[in-house]
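S.K.: Contents of target33.cif (mmCIF, N, CA and C atoms) are given next:
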```cif
data_final
loop_
_atom_site.label_atom_id
_atom_site.label_comp_id
_atom_site.auth_asym_id
_atom_site.auth_seq_id
_atom_site.Cartn_x
_atom_site.Cartn_y
_atom_site.Cartn_z
N MET R 1 15.25 -3.53 -18.03
CA MET R 1 15.35 -2.10 -18.15
C MET R 1 15.25 -1.49 -16.76
N ALA R 2 16.23 -0.69 -16.39
CA ALA R 2 16.21 -0.03 -15.08
C ALA R 2 15.28 1.17 -15.13
N PHE R 3 14.65 1.45 -14.01
CA PHE R 3 13.75 2.58 -13.91
C PHE R 3 14.05 3.28 -12.60
N GLU R 4 14.25 4.57 -12.67
CA GLU R 4 14.53 5.33 -11.45
C GLU R 4 13.40 6.31 -11.20
N PHE R 5 12.97 6.39 -9.97
CA PHE R 5 11.93 7.33 -9.58
C PHE R 5 12.40 8.02 -8.31
N SER R 6 12.30 9.32 -8.27
CA SER R 6 12.70 10.03 -7.05
C SER R 6 11.70 11.14 -6.77
N ILE R 7 11.63 11.51 -5.52
CA ILE R 7 10.74 12.57 -5.07
C ILE R 7 11.42 13.24 -3.88
N SER R 8 11.24 14.53 -3.76
CA SER R 8 11.81 15.27 -2.62
C SER R 8 10.69 15.72 -1.71
N ARG R 9 10.99 15.71 -0.41
CA ARG R 9 9.99 16.12 0.57
C ARG R 9 10.72 16.69 1.78
N ARG R 10 10.23 17.80 2.29
CA ARG R 10 10.83 18.43 3.47
C ARG R 10 10.11 17.93 4.72
N VAL R 11 10.87 17.56 5.73
CA VAL R 11 10.30 17.13 7.00
C VAL R 11 9.58 18.32 7.64
N GLN R 12 8.37 18.08 8.11
CA GLN R 12 7.58 19.12 8.76
C GLN R 12 7.83 19.11 10.27
N PHE R 13 7.73 20.26 10.89
CA PHE R 13 7.96 20.39 12.32
C PHE R 13 7.08 19.43 13.13
N ALA R 14 5.84 19.27 12.74
CA ALA R 14 4.90 18.41 13.47
C ALA R 14 5.30 16.94 13.42
N GLU R 15 6.23 16.57 12.55
CA GLU R 15 6.66 15.18 12.42
C GLU R 15 7.87 14.86 13.29
N THR R 16 8.29 15.82 14.08
CA THR R 16 9.47 15.63 14.93
C THR R 16 9.10 15.69 16.40
N ASP R 17 10.00 15.20 17.25
CA ASP R 17 9.79 15.32 18.68
C ASP R 17 10.45 16.62 19.16
N MET R 18 10.50 16.81 20.47
CA MET R 18 11.04 18.06 21.01
C MET R 18 12.53 18.24 20.69
N ALA R 19 13.22 17.16 20.41
CA ALA R 19 14.64 17.25 20.06
C ALA R 19 14.85 17.42 18.56
N GLY R 20 13.75 17.46 17.79
CA GLY R 20 13.86 17.61 16.35
C GLY R 20 14.10 16.32 15.60
N VAL R 21 13.92 15.19 16.29
CA VAL R 21 14.14 13.88 15.68
C VAL R 21 12.82 13.37 15.11
N VAL R 22 12.86 12.86 13.89
CA VAL R 22 11.67 12.34 13.24
C VAL R 22 11.36 10.96 13.81
N HIS R 23 10.08 10.74 14.18
CA HIS R 23 9.66 9.44 14.69
C HIS R 23 9.53 8.46 13.54
N PHE R 24 9.96 7.21 13.75
CA PHE R 24 9.97 6.20 12.68
C PHE R 24 8.59 5.92 12.11
N SER R 25 7.52 6.14 12.87
CA SER R 25 6.18 5.85 12.35
C SER R 25 5.84 6.74 11.16
N ASN R 26 6.54 7.87 11.02
CA ASN R 26 6.31 8.74 9.85
C ASN R 26 6.79 8.10 8.56
N TYR R 27 7.72 7.18 8.65
CA TYR R 27 8.28 6.59 7.44
C TYR R 27 7.20 5.89 6.62
N PHE R 28 6.22 5.29 7.27
CA PHE R 28 5.17 4.62 6.54
C PHE R 28 4.28 5.62 5.81
N ARG R 29 4.01 6.77 6.44
CA ARG R 29 3.25 7.82 5.75
C ARG R 29 4.03 8.31 4.54
N TRP R 30 5.34 8.50 4.72
CA TRP R 30 6.16 8.98 3.61
C TRP R 30 6.23 7.95 2.50
N MET R 31 6.31 6.67 2.87
CA MET R 31 6.33 5.62 1.85
C MET R 31 5.03 5.64 1.06
N GLU R 32 3.92 5.90 1.75
CA GLU R 32 2.64 5.98 1.06
C GLU R 32 2.62 7.18 0.12
N GLU R 33 3.18 8.30 0.52
CA GLU R 33 3.26 9.46 -0.36
C GLU R 33 4.08 9.14 -1.61
N VAL R 34 5.20 8.46 -1.42
CA VAL R 34 6.05 8.09 -2.54
C VAL R 34 5.32 7.09 -3.44
N GLU R 35 4.65 6.12 -2.82
CA GLU R 35 3.89 5.13 -3.59
C GLU R 35 2.84 5.82 -4.47
N HIS R 36 2.10 6.76 -3.89
CA HIS R 36 1.06 7.45 -4.65
C HIS R 36 1.68 8.30 -5.76
N ALA R 37 2.78 8.98 -5.47
CA ALA R 37 3.45 9.78 -6.50
C ALA R 37 3.94 8.88 -7.64
N PHE R 38 4.50 7.72 -7.29
CA PHE R 38 4.97 6.79 -8.32
C PHE R 38 3.81 6.29 -9.16
N PHE R 39 2.73 5.86 -8.51
CA PHE R 39 1.57 5.38 -9.25
C PHE R 39 1.07 6.45 -10.22
N ARG R 40 0.97 7.70 -9.73
CA ARG R 40 0.52 8.77 -10.62
C ARG R 40 1.49 8.96 -11.78
N SER R 41 2.80 8.81 -11.53
CA SER R 41 3.80 9.03 -12.58
C SER R 41 3.70 8.00 -13.70
N VAL R 42 3.20 6.81 -13.39
CA VAL R 42 3.05 5.78 -14.43
C VAL R 42 1.60 5.62 -14.87
N GLY R 43 0.74 6.54 -14.44
CA GLY R 43 -0.64 6.54 -14.91
C GLY R 43 -1.59 5.66 -14.14
N LEU R 44 -1.17 5.13 -13.00
CA LEU R 44 -2.07 4.32 -12.19
C LEU R 44 -2.86 5.20 -11.24
N SER R 45 -4.05 4.81 -10.94
CA SER R 45 -4.86 5.54 -9.98
C SER R 45 -4.52 5.06 -8.58
N VAL R 46 -4.55 5.96 -7.64
CA VAL R 46 -4.35 5.56 -6.25
C VAL R 46 -5.69 5.35 -5.55
N VAL R 47 -6.78 5.62 -6.26
CA VAL R 47 -8.11 5.45 -5.69
C VAL R 47 -8.89 4.53 -6.62
N MET R 48 -9.36 3.43 -6.07
CA MET R 48 -10.22 2.54 -6.82
C MET R 48 -11.50 2.37 -6.03
N GLN R 49 -12.60 2.27 -6.73
CA GLN R 49 -13.87 2.10 -6.07
C GLN R 49 -14.28 0.64 -6.09
N HIS R 50 -14.68 0.13 -4.93
CA HIS R 50 -15.19 -1.23 -4.86
C HIS R 50 -16.68 -1.18 -5.13
N GLN R 51 -17.12 -1.97 -6.09
CA GLN R 51 -18.54 -2.09 -6.38
C GLN R 51 -18.85 -3.57 -6.28
N GLY R 52 -19.26 -3.99 -5.11
CA GLY R 52 -19.40 -5.43 -4.88
C GLY R 52 -18.00 -5.99 -4.83
N ARG R 53 -17.69 -6.95 -5.68
CA ARG R 53 -16.34 -7.52 -5.73
C ARG R 53 -15.58 -7.04 -6.96
N ASP R 54 -16.17 -6.09 -7.72
CA ASP R 54 -15.51 -5.56 -8.91
C ASP R 54 -14.75 -4.28 -8.55
N ILE R 55 -13.68 -4.04 -9.27
CA ILE R 55 -12.88 -2.83 -9.10
C ILE R 55 -13.10 -1.97 -10.33
N SER R 56 -13.46 -0.71 -10.12
CA SER R 56 -13.54 0.20 -11.26
C SER R 56 -12.38 1.18 -11.14
N TRP R 57 -11.58 1.27 -12.20
CA TRP R 57 -10.40 2.13 -12.20
C TRP R 57 -10.82 3.56 -12.53
N ARG R 58 -10.36 4.51 -11.76
CA ARG R 58 -10.62 5.92 -12.09
C ARG R 58 -9.72 6.37 -13.21
N LEU R 59 -8.53 5.82 -13.28
CA LEU R 59 -7.58 6.12 -14.34
C LEU R 59 -6.86 4.83 -14.67
N ALA R 60 -6.97 4.40 -15.90
CA ALA R 60 -6.33 3.14 -16.29
C ALA R 60 -4.81 3.31 -16.33
N PRO R 61 -4.06 2.28 -15.96
CA PRO R 61 -2.60 2.37 -16.04
C PRO R 61 -2.14 2.58 -17.48
N ARG R 62 -1.04 3.33 -17.64
CA ARG R 62 -0.44 3.49 -18.97
C ARG R 62 0.34 2.22 -19.30
N ASP R 63 0.76 2.10 -20.53
CA ASP R 63 1.40 0.86 -20.98
C ASP R 63 2.91 0.83 -20.75
N ASN R 64 3.49 1.74 -19.99
CA ASN R 64 4.94 1.73 -19.82
C ASN R 64 5.42 0.75 -18.76
N VAL R 65 4.60 -0.21 -18.39
CA VAL R 65 5.03 -1.28 -17.49
C VAL R 65 5.48 -2.52 -18.27
N ARG R 66 5.32 -2.47 -19.60
CA ARG R 66 5.65 -3.62 -20.45
C ARG R 66 7.10 -4.05 -20.24
N ASP R 67 7.28 -5.37 -20.03
CA ASP R 67 8.59 -5.99 -19.85
C ASP R 67 9.33 -5.52 -18.60
N ARG R 68 8.63 -4.96 -17.65
CA ARG R 68 9.26 -4.52 -16.41
C ARG R 68 8.81 -5.39 -15.25
N VAL R 69 9.66 -5.44 -14.25
CA VAL R 69 9.27 -6.06 -12.98
C VAL R 69 8.68 -4.95 -12.14
N VAL R 70 7.44 -5.13 -11.69
CA VAL R 70 6.73 -4.09 -10.94
C VAL R 70 6.58 -4.54 -9.50
N LEU R 71 6.90 -3.67 -8.57
CA LEU R 71 6.70 -3.93 -7.15
C LEU R 71 5.56 -3.06 -6.66
N VAL R 72 4.50 -3.69 -6.18
CA VAL R 72 3.35 -2.98 -5.62
C VAL R 72 3.52 -3.02 -4.10
N VAL R 73 3.49 -1.84 -3.47
CA VAL R 73 3.68 -1.71 -2.03
C VAL R 73 2.36 -1.26 -1.42
N ASP R 74 1.93 -1.95 -0.37
CA ASP R 74 0.68 -1.59 0.29
C ASP R 74 0.85 -1.73 1.80
N ASP R 75 -0.04 -1.08 2.54
CA ASP R 75 0.06 -1.15 4.00
C ASP R 75 -0.44 -2.48 4.54
N ILE R 76 -1.60 -2.94 4.05
CA ILE R 76 -2.17 -4.16 4.61
C ILE R 76 -2.86 -4.98 3.52
N LEU R 77 -2.73 -6.29 3.63
CA LEU R 77 -3.42 -7.22 2.74
C LEU R 77 -4.58 -7.80 3.54
N ASP R 78 -5.79 -7.32 3.24
CA ASP R 78 -6.98 -7.82 3.93
C ASP R 78 -7.52 -9.04 3.17
N GLU R 79 -8.50 -8.82 2.33
CA GLU R 79 -9.08 -9.93 1.57
C GLU R 79 -8.35 -10.19 0.26
N GLY R 80 -7.54 -9.25 -0.19
CA GLY R 80 -6.73 -9.43 -1.39
C GLY R 80 -7.42 -9.07 -2.69
N ILE R 81 -8.61 -8.54 -2.64
CA ILE R 81 -9.37 -8.23 -3.85
C ILE R 81 -8.67 -7.14 -4.67
N THR R 82 -8.30 -6.05 -4.01
CA THR R 82 -7.66 -4.94 -4.72
C THR R 82 -6.29 -5.33 -5.25
N LEU R 83 -5.49 -5.98 -4.42
CA LEU R 83 -4.15 -6.38 -4.85
C LEU R 83 -4.22 -7.37 -6.01
N ALA R 84 -5.17 -8.27 -5.98
CA ALA R 84 -5.34 -9.23 -7.08
C ALA R 84 -5.72 -8.50 -8.37
N ALA R 85 -6.59 -7.49 -8.26
CA ALA R 85 -7.00 -6.72 -9.44
C ALA R 85 -5.83 -5.93 -10.02
N ILE R 86 -5.02 -5.34 -9.16
CA ILE R 86 -3.86 -4.58 -9.61
C ILE R 86 -2.87 -5.52 -10.30
N ARG R 87 -2.59 -6.65 -9.67
CA ARG R 87 -1.66 -7.62 -10.25
C ARG R 87 -2.15 -8.09 -11.63
N LYS R 88 -3.43 -8.46 -11.71
CA LYS R 88 -3.99 -8.95 -12.97
C LYS R 88 -3.87 -7.88 -14.07
N LYS R 89 -4.22 -6.65 -13.74
CA LYS R 89 -4.17 -5.57 -14.73
C LYS R 89 -2.73 -5.34 -15.21
N LEU R 90 -1.77 -5.30 -14.30
CA LEU R 90 -0.37 -5.07 -14.68
C LEU R 90 0.17 -6.21 -15.55
N LEU R 91 -0.19 -7.45 -15.24
CA LEU R 91 0.24 -8.58 -16.06
C LEU R 91 -0.41 -8.53 -17.44
N GLU R 92 -1.70 -8.17 -17.50
CA GLU R 92 -2.38 -8.02 -18.79
C GLU R 92 -1.70 -6.95 -19.64
N MET R 93 -1.13 -5.95 -18.99
CA MET R 93 -0.47 -4.85 -19.69
C MET R 93 0.96 -5.20 -20.10
N GLY R 94 1.39 -6.42 -19.78
CA GLY R 94 2.69 -6.86 -20.25
C GLY R 94 3.81 -6.79 -19.24
N ALA R 95 3.51 -6.51 -17.97
CA ALA R 95 4.57 -6.53 -16.96
C ALA R 95 5.19 -7.93 -16.95
N ARG R 96 6.51 -7.98 -16.89
CA ARG R 96 7.20 -9.27 -16.88
C ARG R 96 6.89 -10.02 -15.60
N GLU R 97 6.84 -9.30 -14.49
CA GLU R 97 6.55 -9.91 -13.20
C GLU R 97 5.97 -8.83 -12.30
N VAL R 98 5.03 -9.22 -11.44
CA VAL R 98 4.44 -8.31 -10.47
C VAL R 98 4.66 -8.89 -9.09
N LEU R 99 5.44 -8.19 -8.30
CA LEU R 99 5.70 -8.58 -6.91
C LEU R 99 4.93 -7.65 -6.00
N SER R 100 4.63 -8.12 -4.80
CA SER R 100 3.92 -7.26 -3.85
C SER R 100 4.59 -7.34 -2.49
N ALA R 101 4.63 -6.19 -1.84
CA ALA R 101 5.16 -6.09 -0.47
C ALA R 101 4.10 -5.41 0.37
N VAL R 102 3.75 -6.02 1.49
CA VAL R 102 2.78 -5.42 2.40
C VAL R 102 3.40 -5.34 3.79
N PHE R 103 3.06 -4.29 4.49
CA PHE R 103 3.53 -4.18 5.87
C PHE R 103 2.86 -5.24 6.72
N ALA R 104 1.53 -5.39 6.57
CA ALA R 104 0.78 -6.34 7.41
C ALA R 104 -0.09 -7.24 6.53
N ASP R 105 -0.11 -8.51 6.87
CA ASP R 105 -0.97 -9.49 6.21
C ASP R 105 -1.96 -9.98 7.25
N LYS R 106 -3.24 -9.70 6.99
CA LYS R 106 -4.28 -10.05 7.96
C LYS R 106 -4.73 -11.50 7.76
N ASP R 107 -4.75 -12.28 8.84
CA ASP R 107 -5.21 -13.66 8.81
C ASP R 107 -6.74 -13.64 8.88
N ILE R 108 -7.38 -13.80 7.72
CA ILE R 108 -8.84 -13.73 7.67
C ILE R 108 -9.50 -15.10 7.80
N GLY R 109 -8.69 -16.15 7.94
CA GLY R 109 -9.24 -17.48 8.17
C GLY R 109 -9.70 -18.20 6.92
N ARG R 110 -9.40 -17.66 5.75
CA ARG R 110 -9.75 -18.34 4.50
C ARG R 110 -8.74 -17.92 3.43
N ALA R 111 -8.76 -18.64 2.32
CA ALA R 111 -7.82 -18.36 1.23
C ALA R 111 -8.11 -17.00 0.60
N LYS R 112 -7.06 -16.35 0.14
CA LYS R 112 -7.18 -15.06 -0.55
C LYS R 112 -6.83 -15.28 -2.02
N PRO R 113 -7.32 -14.41 -2.90
CA PRO R 113 -7.01 -14.59 -4.32
C PRO R 113 -5.56 -14.27 -4.68
N VAL R 114 -4.80 -13.72 -3.74
CA VAL R 114 -3.41 -13.35 -3.98
C VAL R 114 -2.67 -13.40 -2.64
N THR R 115 -1.39 -13.69 -2.69
CA THR R 115 -0.56 -13.62 -1.50
C THR R 115 0.55 -12.62 -1.77
N ALA R 116 1.02 -11.97 -0.72
CA ALA R 116 2.11 -11.01 -0.86
C ALA R 116 3.44 -11.75 -0.94
N ASP R 117 4.34 -11.22 -1.74
CA ASP R 117 5.67 -11.80 -1.86
C ASP R 117 6.55 -11.44 -0.67
N PHE R 118 6.30 -10.29 -0.08
CA PHE R 118 7.08 -9.82 1.07
C PHE R 118 6.11 -9.31 2.12
N VAL R 119 6.24 -9.80 3.36
CA VAL R 119 5.32 -9.45 4.44
C VAL R 119 6.13 -8.99 5.65
N GLY R 120 5.74 -7.83 6.20
CA GLY R 120 6.40 -7.34 7.41
C GLY R 120 5.92 -8.09 8.64
N VAL R 121 4.61 -8.05 8.91
CA VAL R 121 4.04 -8.73 10.08
C VAL R 121 2.71 -9.36 9.69
N ARG R 122 2.32 -10.38 10.43
CA ARG R 122 1.00 -10.98 10.26
C ARG R 122 0.15 -10.53 11.44
N VAL R 123 -1.10 -10.17 11.15
CA VAL R 123 -1.99 -9.67 12.20
C VAL R 123 -3.27 -10.50 12.21
N PRO R 124 -3.95 -10.54 13.37
CA PRO R 124 -5.21 -11.30 13.45
C PRO R 124 -6.32 -10.61 12.67
N ASN R 125 -7.42 -11.29 12.51
CA ASN R 125 -8.56 -10.78 11.75
C ASN R 125 -9.34 -9.76 12.57
N ARG R 126 -8.71 -8.61 12.78
CA ARG R 126 -9.34 -7.49 13.48
C ARG R 126 -8.98 -6.23 12.72
N TYR R 127 -9.73 -5.15 12.94
CA TYR R 127 -9.44 -3.88 12.28
C TYR R 127 -8.23 -3.28 12.98
N VAL R 128 -7.10 -3.19 12.27
CA VAL R 128 -5.86 -2.69 12.87
C VAL R 128 -5.55 -1.30 12.34
N PHE R 129 -4.84 -0.51 13.16
CA PHE R 129 -4.50 0.85 12.78
C PHE R 129 -3.25 1.28 13.53
N GLY R 130 -2.71 2.42 13.13
CA GLY R 130 -1.47 2.94 13.69
C GLY R 130 -0.28 2.49 12.85
N PHE R 131 0.86 3.10 13.07
CA PHE R 131 2.11 2.74 12.38
C PHE R 131 1.94 2.84 10.87
N GLY R 132 1.18 3.86 10.44
CA GLY R 132 0.96 4.08 9.01
C GLY R 132 -0.40 3.65 8.50
N MET R 133 -1.14 2.88 9.29
CA MET R 133 -2.48 2.43 8.88
C MET R 133 -3.50 3.25 9.66
N ASP R 134 -4.64 3.58 9.01
CA ASP R 134 -5.62 4.41 9.70
C ASP R 134 -6.90 3.64 9.99
N ALA R 135 -7.67 4.17 10.91
CA ALA R 135 -9.01 3.68 11.21
C ALA R 135 -9.95 4.84 10.95
N TYR R 136 -10.73 4.75 9.88
CA TYR R 136 -11.68 5.79 9.51
C TYR R 136 -10.97 7.13 9.30
N GLY R 137 -9.75 7.09 8.77
CA GLY R 137 -8.98 8.30 8.52
C GLY R 137 -8.25 8.84 9.72
N LEU R 138 -8.28 8.14 10.84
CA LEU R 138 -7.67 8.62 12.08
C LEU R 138 -6.55 7.71 12.53
N TRP R 139 -5.69 8.20 13.40
CA TRP R 139 -4.68 7.44 14.17
C TRP R 139 -3.57 6.83 13.32
N ARG R 140 -3.37 7.31 12.11
CA ARG R 140 -2.33 6.78 11.23
C ARG R 140 -0.94 6.94 11.84
N ASN R 141 -0.71 8.00 12.60
CA ASN R 141 0.63 8.30 13.09
C ASN R 141 0.96 7.70 14.46
N LEU R 142 0.12 6.84 14.97
CA LEU R 142 0.44 6.21 16.25
C LEU R 142 1.70 5.36 16.12
N PRO R 143 2.52 5.31 17.16
CA PRO R 143 3.82 4.64 17.06
C PRO R 143 3.77 3.11 17.11
N SER R 144 2.60 2.53 17.31
CA SER R 144 2.45 1.08 17.38
C SER R 144 1.22 0.66 16.60
N ILE R 145 1.00 -0.64 16.51
CA ILE R 145 -0.18 -1.19 15.86
C ILE R 145 -1.22 -1.49 16.93
N TYR R 146 -2.44 -1.06 16.70
CA TYR R 146 -3.55 -1.30 17.63
C TYR R 146 -4.68 -1.96 16.87
N ALA R 147 -5.62 -2.55 17.59
CA ALA R 147 -6.78 -3.18 16.97
C ALA R 147 -8.04 -2.70 17.67
N LEU R 148 -9.11 -2.49 16.88
CA LEU R 148 -10.38 -2.15 17.49
C LEU R 148 -10.90 -3.33 18.28
N LYS R 149 -11.63 -3.06 19.33
CA LYS R 149 -12.18 -4.13 20.15
C LYS R 149 -13.16 -4.97 19.33
N GLU R 150 -13.15 -6.25 19.61
CA GLU R 150 -14.12 -7.14 18.96
C GLU R 150 -15.47 -6.89 19.59
N THR R 151 -16.52 -6.90 18.76
CA THR R 151 -17.87 -6.65 19.30
C THR R 151 -18.68 -7.92 19.34
#
```
In structure tokens, what does this structure look like?

M.R.:
Amino acid sequence: MAFEFSISRRVQFAETDMAGVVHFSNYFRWMEEVEHAFFRSVGLSVVMQHQGRDISWRLAPRDNVRDRVVLVVDDILDEGITLAAIRKKLLEMGAREVLSAVFADKDIGRAKPVTADFVGVRVPNRYVFGFGMDAYGLWRNLPSIYALKET
């Protein structure tokens, strides 16, 4: 069964350079906006609370994923706890297949409960930010990927 989702968004002046050209790093922010809008449209929460290693859903997914192939898009795969919980829940709800695409896969030096089906880049086990990823809510729009200094 085909499923179409669309959303409209106007480019803001602050997202352009002096020539009016949009910088490519904004695309990741926009993809995140689309991802959140899509999740909300199918009843998934975009905010989950970690309580130890358990995930508590603020809003349970609706059942309209049954017999569908679902693609979950995320910025980074750290330990894989959240992505594994999302995948498990969608499969329990009858999704035919759950695929995942991440921009960055962090090498944490040990096995993760889930692997991404599509990976943009692999990064070392450091806190990375920029290019759509934030550090403490900051620096999401930087044009490159940076890492906090190791302590």

S.K.: Excluding range 19-25 of chain R and any residue of its chain fewer than 5 positions from it, enumerate the residues within 12 Å of it, using only C-alpha atoms, and give them as a PyMOL selection string.

M.R.: chain R and resi 10-14+30-32+129-133+139-145

S.K.: Could you write out as a CSV table (one decimal) with N, CA and C atoms, in the frame of the given file the residues that the PyMOL selection byres ((chain R and resi 117) around 8) matches in the shown file?

M.R.:
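Result file follows (result_37.csv):
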```csv
chain,number,residue,atom,x,y,z
R,98,VAL,N,5.0,-9.2,-11.4
R,98,VAL,CA,4.4,-8.3,-10.5
R,98,VAL,C,4.7,-8.9,-9.1
R,99,LEU,N,5.4,-8.2,-8.3
R,99,LEU,CA,5.7,-8.6,-6.9
R,99,LEU,C,4.9,-7.6,-6.0
R,100,SER,N,4.6,-8.1,-4.8
R,100,SER,CA,3.9,-7.3,-3.8
R,100,SER,C,4.6,-7.3,-2.5
R,101,ALA,N,4.6,-6.2,-1.8
R,101,ALA,CA,5.2,-6.1,-0.5
R,101,ALA,C,4.1,-5.4,0.4
R,102,VAL,N,3.8,-6.0,1.5
R,102,VAL,CA,2.8,-5.4,2.4
R,102,VAL,C,3.4,-5.3,3.8
R,114,VAL,N,-4.8,-13.7,-3.7
R,114,VAL,CA,-3.4,-13.4,-4.0
R,114,VAL,C,-2.7,-13.4,-2.6
R,115,THR,N,-1.4,-13.7,-2.7
R,115,THR,CA,-0.6,-13.6,-1.5
R,115,THR,C,0.6,-12.6,-1.8
R,116,ALA,N,1.0,-12.0,-0.7
R,116,ALA,CA,2.1,-11.0,-0.9
R,116,ALA,C,3.4,-11.8,-0.9
R,118,PHE,N,6.3,-10.3,-0.1
R,118,PHE,CA,7.1,-9.8,1.1
R,118,PHE,C,6.1,-9.3,2.1
R,119,VAL,N,6.2,-9.8,3.4
R,119,VAL,CA,5.3,-9.4,4.4
R,119,VAL,C,6.1,-9.0,5.6
R,120,GLY,N,5.7,-7.8,6.2
R,120,GLY,CA,6.4,-7.3,7.4
R,120,GLY,C,5.9,-8.1,8.6
```

S.K.: What is the distance between atom N of Glu79 in chain R and atom N of Lys106 in chain R, in Å to one decimal?

M.R.: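 Between atom N of Glu79 in chain R and atom N of Lys106 in chain R the gap is 7.1 Å.
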
S.K.: My list of candidates is R:Asp105, R:Ser41, R:Asn125, R:Ala135. Which is closest to Glu4 in chain R when distances are computed with only C-alpha atoms?

M.R.: R:Ser41

S.K.: Pick out each residue of chain R that DSSP on the backbone tags as helix (DSSP H, G or I); I need them as a PyMOL selection string.

M.R.: chain R and resi 13-15+26-41+81-92
